[in-house]
Amino acid sequence: MIAPGTEAELAEAVAGATGPLAIRGGGTRGAAPEGEVLSVAGLSGVRLYEPGALTLVAGAGTPLAEIDALLAREGQRLAFEPMDHRGLMGTEGEPTIGGVFAANVSGPRRIAVGAARDFALGLRFVDGAGHVVANGGRVMKNVTGYDLVKLLCGSRGRLGVLSEISLKVLPAPETSGMLVLEGLETGRAVAAMAAALGSPYEVTGAAHDPAAARTLLRLEGFESQVGYRLERLAAQLADFGTPEAVRDPEEVARTWAAVRDVEALQEAGGAIWRVHCRPSVAPDLVARARAEGALLDWGGGLIWLRVPEGTDLRARLGRFDGHATRVRGDGPEPAAPPEAPAVAALAEGLRRRFDPRGIFDAEG
Amino acid sequence: MDMPAPDPAILARKDELVTRLKEILPERAVIHDAAETRAYECDALTAYRCPPMAVVLPGSTEEVSRVLALCHRLGVPVVPRGSGTSLAGGALPTADCVLLGVSRMTEVLETSYEDRFIRVQTGRTNLSVTGAVEEDGFFYAPDPSSQLACAIAGNIAMNSGGAHCLKYGVTTNNLLGATVVLMDGTVIELGGAHLDAGGFDLLGLICGSEGQLGVVTEATLRILPKPEGARPVLMGFSSSEVAGACVSDIIRAGVLPVAIEFMDRPCIEATEAFAQAGYPDCEALLIVEVEGAEAEIDHQLGLIKQIAGKHDPVELREAADEDEAARIWKGRKSAFGAMGQLGDYICLDGTIPVSELPRVLGRIGALSADFGLRVANVFHAGDGNMHPLILFDANTPGDLETAEALGAEILKLCVAAGGCLTGEHGVGVEKRDLMAHQFAPADLEAQMAVKDVFDPAWLLNPAKVFPLAASEARRAARLAAE
C-alpha cells in the first residue's frame, strides 16, 4: 500500500507508479478495484474554517465525522447530507470528505439544496501523469476558467486523485419537523410528494417506503416557521389524508438518517440498485422492477431497489428519463449505466488526457 | 487587449462559405452584408468591436448541427452568441469567424410542475423563462441584472449568477439537462428531467465553458415554487468596513437571506442623483431581503435588525409595503444606469471571501487614488462577489488603458485575498490575459486539455478564456493543418 502524507508525496507516488492504482479514502463504499492500494488517509485535516464566510478547506483524507463535529460546534453543517454507505454495503472504515466528493454522495436534502458537487467550491488533485492541478477556489461564486470541480466530483478517481477540497457549508436550522402520511400506494405517494415540493414551504426531504406505505415530508427552519409550515402543508395535502405532524427534532433526525442510509434495504443478500429518474415515472418504474424491496427518496426522483443477484434490472425497467446503477451485488450487466456513443467517446477522451497511462482505469 | 490576426485563407473563401451556408439554412438565417454584420460586432463590452465574416441565425438543433459540421469541415472558427449581453467580450467576433446566434430559438418545449422543470430552446431570455411559469406560481431562480435581455444560452455559457443566488445558487445549480452540439456537428444529450446524470459530470463541465466546448441549443431548467412573500430592509453604515462586518455577522448567525446587496458612497450618491430612491447620506448601505410568510419575514428581519444594531447603523429602514420595497430596490437596480450617467465605466466582478471585504474595500480605495480614477462599489455582498465600477472618459486618450490597468490591479488584489478574477461575468477576452495570476501553468493546461477533447481543432470561440500565449500552440496547430 502507498500512503503519502503530503500532496507532494502523492504526486510523486502517482508519477512513479508502474501499474494500476486503487485509490482509497475510507473504503466504505465497498469499491475494490484492482491495483496497488493508494491511500489518501494521510492527507487529512481541516486547513481552514471560516464560519462567517461559510467555507471550509480540508485534506481529502479528512474523516467526515471530524468535519461534522467541527461544524456542529459552530451551528453549521454539510447541507447536502452525504449518506453513510457502511450499513448498506456491509463495510467498515471511516467515510472521508474526499470519498464523498469523488463519488458525489448526497442525501435526502439534495432535492432542496443541491448535490455534493453543488457545495464543492474548489479542489486540488493529482492527475494520472503526477501533475498537481488546482481548480475553483474558496469563494461562493467563481466562473474563472472551466469548472473542473464539477468534472472531478463524481468521477470516482478516474481522472485524478483528490488531495484537497474547499467547500461551502450552511447554518444548521433552529429546528426540524415532519409530516407522516400513512397508507398511500406508490402512485399517490409520489403525487403527494410532488404537491409538497411544489408548495412554497421549502420541503427538505420527501421520501416514501412502499412496504410500510409511509410517506415522509421534512421541514426545517426557525421554531415558529416550522410550526406554521407543518400546519399549512398538512392543509394543502388534505386530499391525501390527515398527516401526523412530528415535532421532535431527534425523531426527525433519526428517521431521515434511516432514509439517507437506506436502512430499509440494508439486510444482507441481493443486489442493490440506485435509480435516478424523473419523479413522476417512479411509480411505473417501481412496478416494472418487481423488486424485493424499494425505497423512494427525492420525491420519487431516487429509487433504491433490492433484487436477486443476477437480475437484469435495466431490461425490466426499459427506457426512461434517467439511469440505473448497481451499487451492491453482481449481475449480467455492467454496474454503471451505459452511455450514448458520442458521450462515451468524450468521457474516454477525457480519461486519456487526464490519465494517459490508464493507471486509474480500474473499475471502482 | 489583442486578438489574433484573421486568417487570410479563410477570409478569401467568404463567398464559398456564404453559398454553402445558404444551402443548409433558410435564406434569411444567413447574414453576410457588411452593413448588417455590423450589428453583431460587439457584445456589452463595447470597447472592443469587430464585425464577423458572416452571421447565422439557425432555428433548430438540426440547423445548428449543420452549420457546425460545415464550419468544421471548412476549418472556419465559430463564435456562439446568446443575446450579446456579455460584459466580458464572450461573444466578441473575429473577422474570420461565423457568428452563430441562437436568438431565433425561443420555444418552450415542455413544462412540468409535478417534476418541477421547464425545457426551453436556449435563445429564450432569462426573464421569459420565469414568465412562462409564474402564473402557475413558479419561477426560474438565477436572475442576472440583464435578465430582460440575456439568453439562457449565454447564462449557461457563462454560468451566470444574480442577486438571489445566495439562496438559490447560480446557473449550474439550476441546470438539469442540455442538448449540446459539438463542433463537428454531433448532437449529445446530457442529463434530463432527473437529478445527477450518470458518468462524468459533463453538464457541469459545459456550464461556464464560455461557448468553447459546444453550443447548447436546448436546456432543462429547474423551476421552483414562488415564496409566499419577500421583504427588504435597508441599512446605512458609517464605513464600508462596518457594513462588511455586519454581512459576516448576519451569515454567521444562521439567517440566510435571499440577497445581501452592498453599495458604497460614490454609488449611493450617483444613484440618488439618478433615481431618487431616498437612500440615506452614509458611507455604505446594505439591502438585505428575506422570504416567507409575513410572520416568518418579521422574525428573520427582527434577527437581522438586532445584528445590524450592534454595528451602530445610521439608518435602518424596513419596507412597510410593496411600494417601499420597490423603492429600496429601485436605487440598487438602477445603479449601473446611474453610473453610466457619470461617464464611461468598466465593471469588474472579482469575488473574495466575505471575511476579506473590509480590507479589500480599503485597498481598492487606495488604488483608486493612486490611479486618479473614481471607483464605485455595488455588489452581492453575501457571497463576496464584488462589482467595482471604474469611471473613465473614453474620449480622453489613454484613459481606457489607465482604467484597464487599475482593473487588473483590483482583480489581482481579489486573487491575492483568496478570491478569483470573475464571479459571474466570465473571462471572455476581458480577463483572458490575467488568468496566469490565478492559475499555474498545469492548472491552465488541464483546462485546455478539456477543450482538446471537445474541440480538437480549436474552432469554437478559440481566442477567449486562455491567455493567447498559452493557447497559441493549439490554435497554430489548426492553421498548420489547413
# chains A, B, ... in the order shown; residues from 1 in each chain; ligands from 1
call {"tool": "interface_residues", "arguments": {"of": "chain B", "to": "chain A", "cutoff": "7 Å", "atoms": "only C-alpha atoms", "output": "count of residues only"}}
result
51
call {"tool": "residues_around", "arguments": {"residues": "Ala284 in chain B", "least_positions_apart": "4", "cutoff": "8 Å", "atoms": "only C-alpha atoms", "output": "PDB file with all heavy atoms, in the first residue's frame"}}
result
ATOM      1  N   GLY B 236     -27.962  51.660   6.664  1.00  0.00           N
ATOM      2  CA  GLY B 236     -26.850  52.543   6.327  1.00  0.00           C
ATOM      3  C   GLY B 236     -25.780  52.473   7.403  1.00  0.00           C
ATOM      4  O   GLY B 236     -26.094  52.337   8.586  1.00  0.00           O
ATOM      5  N   PHE B 237     -24.507  52.547   6.996  1.00  0.00           N
ATOM      6  CA  PHE B 237     -23.405  52.448   7.957  1.00  0.00           C
ATOM      7  C   PHE B 237     -22.394  53.568   7.760  1.00  0.00           C
ATOM      8  O   PHE B 237     -22.318  54.179   6.694  1.00  0.00           O
ATOM      9  CB  PHE B 237     -22.708  51.091   7.825  1.00  0.00           C
ATOM     10  CG  PHE B 237     -23.603  49.936   8.168  1.00  0.00           C
ATOM     11  CD1 PHE B 237     -24.315  49.287   7.171  1.00  0.00           C
ATOM     12  CD2 PHE B 237     -23.757  49.523   9.484  1.00  0.00           C
ATOM     13  CE1 PHE B 237     -25.157  48.225   7.473  1.00  0.00           C
ATOM     14  CE2 PHE B 237     -24.596  48.463   9.797  1.00  0.00           C
ATOM     15  CZ  PHE B 237     -25.295  47.813   8.792  1.00  0.00           C
ATOM     16  N   SER B 238     -21.587  53.775   8.823  1.00  0.00           N
ATOM     17  CA  SER B 238     -20.635  54.879   8.795  1.00  0.00           C
ATOM     18  C   SER B 238     -19.361  54.539   8.025  1.00  0.00           C
ATOM     19  O   SER B 238     -18.544  55.412   7.752  1.00  0.00           O
ATOM     20  CB  SER B 238     -20.276  55.287  10.224  1.00  0.00           C
ATOM     21  OG  SER B 238     -19.787  54.154  10.915  1.00  0.00           O
ATOM     22  N   SER B 239     -19.151  53.276   7.693  1.00  0.00           N
ATOM     23  CA  SER B 239     -17.991  52.937   6.865  1.00  0.00           C
ATOM     24  C   SER B 239     -18.254  51.612   6.146  1.00  0.00           C
ATOM     25  O   SER B 239     -19.079  50.807   6.573  1.00  0.00           O
ATOM     26  CB  SER B 239     -16.714  52.819   7.704  1.00  0.00           C
ATOM     27  OG  SER B 239     -16.715  51.593   8.403  1.00  0.00           O
ATOM     28  N   SER B 240     -17.510  51.402   5.068  1.00  0.00           N
ATOM     29  CA  SER B 240     -17.610  50.152   4.324  1.00  0.00           C
ATOM     30  C   SER B 240     -17.177  48.978   5.192  1.00  0.00           C
ATOM     31  O   SER B 240     -17.720  47.876   5.094  1.00  0.00           O
ATOM     32  CB  SER B 240     -16.725  50.194   3.078  1.00  0.00           C
ATOM     33  OG  SER B 240     -17.244  51.123   2.166  1.00  0.00           O
ATOM     34  N   ALA B 243     -20.002  47.902   7.425  1.00  0.00           N
ATOM     35  CA  ALA B 243     -21.023  47.202   6.644  1.00  0.00           C
ATOM     36  C   ALA B 243     -20.568  45.784   6.326  1.00  0.00           C
ATOM     37  O   ALA B 243     -21.334  44.824   6.413  1.00  0.00           O
ATOM     38  CB  ALA B 243     -21.320  47.973   5.353  1.00  0.00           C
ATOM     39  N   PHE B 262     -24.750  45.420  -1.496  1.00  0.00           N
ATOM     40  CA  PHE B 262     -23.901  46.446  -0.894  1.00  0.00           C
ATOM     41  C   PHE B 262     -23.697  47.593  -1.879  1.00  0.00           C
ATOM     42  O   PHE B 262     -23.515  47.368  -3.070  1.00  0.00           O
ATOM     43  CB  PHE B 262     -22.547  45.801  -0.561  1.00  0.00           C
ATOM     44  CG  PHE B 262     -21.509  46.732   0.001  1.00  0.00           C
ATOM     45  CD1 PHE B 262     -21.159  46.652   1.345  1.00  0.00           C
ATOM     46  CD2 PHE B 262     -20.854  47.660  -0.794  1.00  0.00           C
ATOM     47  CE1 PHE B 262     -20.180  47.491   1.877  1.00  0.00           C
ATOM     48  CE2 PHE B 262     -19.883  48.507  -0.269  1.00  0.00           C
ATOM     49  CZ  PHE B 262     -19.546  48.419   1.074  1.00  0.00           C
ATOM     50  N   MET B 263     -23.732  48.832  -1.368  1.00  0.00           N
ATOM     51  CA  MET B 263     -23.370  49.992  -2.194  1.00  0.00           C
ATOM     52  C   MET B 263     -22.517  50.927  -1.351  1.00  0.00           C
ATOM     53  O   MET B 263     -22.817  51.141  -0.186  1.00  0.00           O
ATOM     54  CB  MET B 263     -24.635  50.751  -2.648  1.00  0.00           C
ATOM     55  CG  MET B 263     -25.492  49.981  -3.629  1.00  0.00           C
ATOM     56  SD  MET B 263     -27.118  50.733  -3.881  1.00  0.00           S
ATOM     57  CE  MET B 263     -26.693  52.082  -4.946  1.00  0.00           C
ATOM     58  N   ASP B 264     -21.474  51.509  -1.946  1.00  0.00           N
ATOM     59  CA  ASP B 264     -20.668  52.462  -1.193  1.00  0.00           C
ATOM     60  C   ASP B 264     -21.037  53.909  -1.565  1.00  0.00           C
ATOM     61  O   ASP B 264     -21.889  54.137  -2.425  1.00  0.00           O
ATOM     62  CB  ASP B 264     -19.167  52.188  -1.362  1.00  0.00           C
ATOM     63  CG  ASP B 264     -18.680  52.465  -2.777  1.00  0.00           C
ATOM     64  OD1 ASP B 264     -19.501  52.879  -3.627  1.00  0.00           O
ATOM     65  OD2 ASP B 264     -17.484  52.244  -3.036  1.00  0.00           O
ATOM     66  N   ARG B 265     -20.399  54.889  -0.902  1.00  0.00           N
ATOM     67  CA  ARG B 265     -20.813  56.287  -1.056  1.00  0.00           C
ATOM     68  C   ARG B 265     -20.848  56.775  -2.506  1.00  0.00           C
ATOM     69  O   ARG B 265     -21.862  57.343  -2.930  1.00  0.00           O
ATOM     70  CB  ARG B 265     -19.955  57.221  -0.192  1.00  0.00           C
ATOM     71  CG  ARG B 265     -20.365  58.691  -0.356  1.00  0.00           C
ATOM     72  CD  ARG B 265     -19.560  59.653   0.487  1.00  0.00           C
ATOM     73  NE  ARG B 265     -19.989  59.717   1.876  1.00  0.00           N
ATOM     74  CZ  ARG B 265     -21.070  60.377   2.306  1.00  0.00           C
ATOM     75  NH1 ARG B 265     -21.865  60.991   1.451  1.00  0.00           N
ATOM     76  NH2 ARG B 265     -21.375  60.406   3.577  1.00  0.00           N
ATOM     77  N   ILE B 268     -23.919  55.318  -3.984  1.00  0.00           N
ATOM     78  CA  ILE B 268     -25.146  55.853  -3.381  1.00  0.00           C
ATOM     79  C   ILE B 268     -25.449  57.243  -3.946  1.00  0.00           C
ATOM     80  O   ILE B 268     -26.578  57.547  -4.342  1.00  0.00           O
ATOM     81  CB  ILE B 268     -25.021  55.934  -1.831  1.00  0.00           C
ATOM     82  CG1 ILE B 268     -24.812  54.541  -1.231  1.00  0.00           C
ATOM     83  CG2 ILE B 268     -26.246  56.613  -1.217  1.00  0.00           C
ATOM     84  CD1 ILE B 268     -24.383  54.560   0.239  1.00  0.00           C
TER      85      ILE B 268
END
call {"tool": "select_by_dssp", "arguments": {"residues": "range 208-339 of chain A", "states": "strand (DSSP E or B)", "output": "PyMOL selection string"}}
result
chain A and resi 208-209+214-221+244-246+271-277+293-297+302-307+322-328
call {"tool": "select_by_dssp", "arguments": {"residues": "range 363-469 of chain B", "states": "helix (DSSP H, G or I)", "output": "number ranges by chain"}}
result
B: 363-371, 381-383, 399-416, 432-438, 441-454, 468-469
call {"tool": "closest_residue", "arguments": {"among": "B:Glu62, B:Glu261, B:Glu218, B:Asp312", "to": "Ile287 in chain B", "atoms": "only C-alpha atoms"}}
result
B:Glu261
call {"tool": "atom_distance", "arguments": {"atom1": "CA of Trp304 in chain A", "atom2": "CA of Asp361 in chain A"}}
result
26.9 Å
call {"tool": "residues_around", "arguments": {"residues": "Val126 in chain A", "least_positions_apart": "6", "cutoff": "8 Å", "atoms": "only C-alpha atoms", "output": "mmCIF file with all heavy atoms, in the first residue's frame"}}
result
data_model
loop_
_atom_site.group_PDB
_atom_site.id
_atom_site.type_symbol
_atom_site.label_atom_id
_atom_site.label_comp_id
_atom_site.auth_asym_id
_atom_site.auth_seq_id
_atom_site.Cartn_x
_atom_site.Cartn_y
_atom_site.Cartn_z
ATOM 1 N N LEU A 10 2.124 12.475 -2.713
ATOM 2 C CA LEU A 10 1.078 11.849 -3.533
ATOM 3 C C LEU A 10 1.441 11.975 -5.018
ATOM 4 O O LEU A 10 1.366 11.002 -5.776
ATOM 5 C CB LEU A 10 -0.273 12.513 -3.248
ATOM 6 C CG LEU A 10 -1.431 12.156 -4.176
ATOM 7 C CD1 LEU A 10 -1.810 10.681 -4.029
ATOM 8 C CD2 LEU A 10 -2.663 13.031 -3.887
ATOM 9 N N ALA A 11 1.845 13.186 -5.417
ATOM 10 C CA ALA A 11 2.199 13.423 -6.814
ATOM 11 C C ALA A 11 3.369 12.538 -7.229
ATOM 12 O O ALA A 11 3.381 11.951 -8.318
ATOM 13 C CB ALA A 11 2.546 14.897 -7.022
ATOM 14 N N VAL A 14 2.180 8.906 -7.655
ATOM 15 C CA VAL A 14 1.433 8.683 -8.894
ATOM 16 C C VAL A 14 2.389 8.713 -10.089
ATOM 17 O O VAL A 14 2.348 7.843 -10.964
ATOM 18 C CB VAL A 14 0.316 9.732 -9.066
ATOM 19 C CG1 VAL A 14 -0.332 9.621 -10.448
ATOM 20 C CG2 VAL A 14 -0.748 9.567 -7.979
ATOM 21 N N VAL A 132 0.111 18.167 -10.206
ATOM 22 C CA VAL A 132 -0.856 18.736 -9.265
ATOM 23 C C VAL A 132 -1.656 19.811 -10.007
ATOM 24 O O VAL A 132 -1.081 20.698 -10.636
ATOM 25 C CB VAL A 132 -0.150 19.366 -8.050
ATOM 26 C CG1 VAL A 132 -1.172 20.040 -7.136
ATOM 27 C CG2 VAL A 132 0.637 18.311 -7.289
ATOM 28 N N VAL A 133 -2.985 19.722 -9.941
ATOM 29 C CA VAL A 133 -3.852 20.684 -10.622
ATOM 30 C C VAL A 133 -4.811 21.295 -9.600
ATOM 31 O O VAL A 133 -5.391 20.582 -8.784
ATOM 32 C CB VAL A 133 -4.676 19.990 -11.740
ATOM 33 C CG1 VAL A 133 -5.610 20.986 -12.415
ATOM 34 C CG2 VAL A 133 -3.761 19.342 -12.768
ATOM 35 N N GLY A 160 -8.213 11.569 -11.640
ATOM 36 C CA GLY A 160 -7.162 12.046 -10.758
ATOM 37 C C GLY A 160 -7.488 11.697 -9.316
ATOM 38 O O GLY A 160 -8.596 11.254 -9.010
ATOM 39 N N VAL A 161 -6.509 11.919 -8.447
ATOM 40 C CA VAL A 161 -6.698 11.668 -7.018
ATOM 41 C C VAL A 161 -6.916 13.011 -6.334
ATOM 42 O O VAL A 161 -6.051 13.887 -6.420
ATOM 43 C CB VAL A 161 -5.450 11.010 -6.387
ATOM 44 C CG1 VAL A 161 -5.768 10.542 -4.971
ATOM 45 C CG2 VAL A 161 -4.940 9.875 -7.240
ATOM 46 N N LEU A 162 -8.028 13.178 -5.669
ATOM 47 C CA LEU A 162 -8.271 14.435 -4.954
ATOM 48 C C LEU A 162 -7.294 14.543 -3.795
ATOM 49 O O LEU A 162 -7.062 13.565 -3.082
ATOM 50 C CB LEU A 162 -9.708 14.477 -4.407
ATOM 51 C CG LEU A 162 -10.850 14.362 -5.414
ATOM 52 C CD1 LEU A 162 -12.194 14.516 -4.693
ATOM 53 C CD2 LEU A 162 -10.706 15.401 -6.505
ATOM 54 N N SER A 163 -6.741 15.745 -3.613
ATOM 55 C CA SER A 163 -5.868 15.922 -2.454
ATOM 56 C C SER A 163 -6.451 16.919 -1.451
ATOM 57 O O SER A 163 -6.242 16.784 -0.253
ATOM 58 C CB SER A 163 -4.473 16.364 -2.898
ATOM 59 O OG SER A 163 -4.534 17.565 -3.629
#
call {"tool": "decode", "arguments": {"residues": "range 18-46 of chain B", "atoms": "N, CA, C and O atoms", "output": "JSON list (two decimals), in the first residue's frame"}}
result
[["chain", "number", "residue", "atom", "x", "y", "z"],
["B", 18, "VAL", "N", -20.43, 31.47, -47.66],
["B", 18, "VAL", "CA", -21.80, 32.00, -47.64],
["B", 18, "VAL", "C", -22.72, 31.16, -48.53],
["B", 18, "VAL", "O", -23.85, 30.83, -48.16],
["B", 19, "THR", "N", -22.22, 30.78, -49.70],
["B", 19, "THR", "CA", -23.01, 29.94, -50.60],
["B", 19, "THR", "C", -23.39, 28.63, -49.92],
["B", 19, "THR", "O", -24.54, 28.20, -49.97],
["B", 20, "ARG", "N", -22.40, 28.01, -49.29],
["B", 20, "ARG", "CA", -22.65, 26.73, -48.63],
["B", 20, "ARG", "C", -23.62, 26.90, -47.46],
["B", 20, "ARG", "O", -24.48, 26.05, -47.23],
["B", 21, "LEU", "N", -23.47, 27.99, -46.70],
["B", 21, "LEU", "CA", -24.38, 28.24, -45.57],
["B", 21, "LEU", "C", -25.82, 28.39, -46.07],
["B", 21, "LEU", "O", -26.76, 27.90, -45.45],
["B", 22, "LYS", "N", -25.98, 29.06, -47.20],
["B", 22, "LYS", "CA", -27.33, 29.27, -47.73],
["B", 22, "LYS", "C", -27.94, 27.96, -48.23],
["B", 22, "LYS", "O", -29.15, 27.85, -48.35],
["B", 23, "GLU", "N", -27.08, 27.00, -48.54],
["B", 23, "GLU", "CA", -27.60, 25.69, -48.96],
["B", 23, "GLU", "C", -28.20, 24.92, -47.78],
["B", 23, "GLU", "O", -29.06, 24.06, -47.97],
["B", 24, "ILE", "N", -27.70, 25.19, -46.58],
["B", 24, "ILE", "CA", -28.14, 24.37, -45.45],
["B", 24, "ILE", "C", -29.06, 25.13, -44.48],
["B", 24, "ILE", "O", -29.57, 24.55, -43.53],
["B", 25, "LEU", "N", -29.27, 26.42, -44.72],
["B", 25, "LEU", "CA", -30.11, 27.23, -43.83],
["B", 25, "LEU", "C", -31.13, 28.00, -44.67],
["B", 25, "LEU", "O", -30.88, 28.26, -45.85],
["B", 26, "PRO", "N", -32.24, 28.40, -44.07],
["B", 26, "PRO", "CA", -33.16, 29.29, -44.78],
["B", 26, "PRO", "C", -32.42, 30.58, -45.16],
["B", 26, "PRO", "O", -31.53, 31.03, -44.42],
["B", 27, "GLU", "N", -32.80, 31.18, -46.26],
["B", 27, "GLU", "CA", -32.15, 32.38, -46.80],
["B", 27, "GLU", "C", -31.95, 33.47, -45.73],
["B", 27, "GLU", "O", -30.87, 34.01, -45.56],
["B", 28, "ARG", "N", -33.05, 33.74, -44.97],
["B", 28, "ARG", "CA", -32.98, 34.86, -44.02],
["B", 28, "ARG", "C", -32.11, 34.55, -42.81],
["B", 28, "ARG", "O", -31.82, 35.41, -41.99],
["B", 29, "ALA", "N", -31.68, 33.31, -42.66],
["B", 29, "ALA", "CA", -30.87, 32.94, -41.49],
["B", 29, "ALA", "C", -29.38, 33.15, -41.72],
["B", 29, "ALA", "O", -28.57, 32.89, -40.85],
["B", 30, "VAL", "N", -29.04, 33.64, -42.92],
["B", 30, "VAL", "CA", -27.62, 33.89, -43.22],
["B", 30, "VAL", "C", -27.43, 35.37, -43.52],
["B", 30, "VAL", "O", -28.06, 35.92, -44.42],
["B", 31, "ILE", "N", -26.58, 36.02, -42.75],
["B", 31, "ILE", "CA", -26.33, 37.46, -42.91],
["B", 31, "ILE", "C", -24.86, 37.64, -43.26],
["B", 31, "ILE", "O", -23.99, 37.16, -42.53],
["B", 32, "HIS", "N", -24.60, 38.29, -44.39],
["B", 32, "HIS", "CA", -23.20, 38.44, -44.76],
["B", 32, "HIS", "C", -22.88, 39.83, -45.28],
["B", 32, "HIS", "O", -21.73, 40.18, -45.50],
["B", 33, "ASP", "N", -23.91, 40.65, -45.47],
["B", 33, "ASP", "CA", -23.70, 42.01, -45.94],
["B", 33, "ASP", "C", -23.01, 42.82, -44.83],
["B", 33, "ASP", "O", -23.42, 42.78, -43.68],
["B", 34, "ALA", "N", -21.94, 43.53, -45.21],
["B", 34, "ALA", "CA", -21.14, 44.24, -44.20],
["B", 34, "ALA", "C", -21.96, 45.21, -43.36],
["B", 34, "ALA", "O", -21.71, 45.37, -42.16],
["B", 35, "ALA", "N", -22.97, 45.83, -43.99],
["B", 35, "ALA", "CA", -23.79, 46.78, -43.23],
["B", 35, "ALA", "C", -24.59, 46.06, -42.13],
["B", 35, "ALA", "O", -24.85, 46.61, -41.07],
["B", 36, "GLU", "N", -24.96, 44.80, -42.42],
["B", 36, "GLU", "CA", -25.78, 44.05, -41.45],
["B", 36, "GLU", "C", -24.96, 43.30, -40.41],
["B", 36, "GLU", "O", -25.39, 43.16, -39.26],
["B", 37, "THR", "N", -23.78, 42.81, -40.81],
["B", 37, "THR", "CA", -22.98, 42.08, -39.81],
["B", 37, "THR", "C", -22.46, 43.03, -38.73],
["B", 37, "THR", "O", -22.10, 42.60, -37.64],
["B", 38, "ARG", "N", -22.44, 44.35, -39.07],
["B", 38, "ARG", "CA", -22.02, 45.34, -38.07],
["B", 38, "ARG", "C", -22.84, 45.26, -36.79],
["B", 38, "ARG", "O", -22.34, 45.54, -35.70],
["B", 39, "ALA", "N", -24.09, 44.86, -36.90],
["B", 39, "ALA", "CA", -24.96, 44.79, -35.73],
["B", 39, "ALA", "C", -24.44, 43.77, -34.71],
["B", 39, "ALA", "O", -24.84, 43.77, -33.56],
["B", 40, "TYR", "N", -23.56, 42.90, -35.17],
["B", 40, "TYR", "CA", -23.05, 41.83, -34.29],
["B", 40, "TYR", "C", -21.58, 42.04, -33.94],
["B", 40, "TYR", "O", -20.91, 41.13, -33.48],
["B", 41, "GLU", "N", -21.09, 43.27, -34.13],
["B", 41, "GLU", "CA", -19.64, 43.49, -33.97],
["B", 41, "GLU", "C", -19.16, 43.48, -32.53],
["B", 41, "GLU", "O", -17.98, 43.36, -32.27],
["B", 42, "CYS", "N", -20.08, 43.59, -31.57],
["B", 42, "CYS", "CA", -19.64, 43.55, -30.17],
["B", 42, "CYS", "C", -20.77, 43.03, -29.29],
["B", 42, "CYS", "O", -21.90, 42.88, -29.73],
["B", 43, "ASP", "N", -20.41, 42.78, -28.02],
["B", 43, "ASP", "CA", -21.45, 42.49, -27.03],
["B", 43, "ASP", "C", -21.48, 43.66, -26.06],
["B", 43, "ASP", "O", -21.21, 44.79, -26.47],
["B", 44, "ALA", "N", -21.76, 43.44, -24.78],
["B", 44, "ALA", "CA", -21.87, 44.57, -23.86],
["B", 44, "ALA", "C", -20.51, 45.11, -23.42],
["B", 44, "ALA", "O", -20.43, 46.11, -22.72],
["B", 45, "LEU", "N", -19.43, 44.45, -23.83],
["B", 45, "LEU", "CA", -18.09, 45.02, -23.63],
["B", 45, "LEU", "C", -17.79, 45.81, -24.89],
["B", 45, "LEU", "O", -17.10, 45.37, -25.80],
["B", 46, "THR", "N", -18.34, 47.02, -24.95],
["B", 46, "THR", "CA", -18.38, 47.75, -26.22],
["B", 46, "THR", "C", -17.06, 48.38, -26.63],
["B", 46, "THR", "O", -16.93, 48.91, -27.72]]
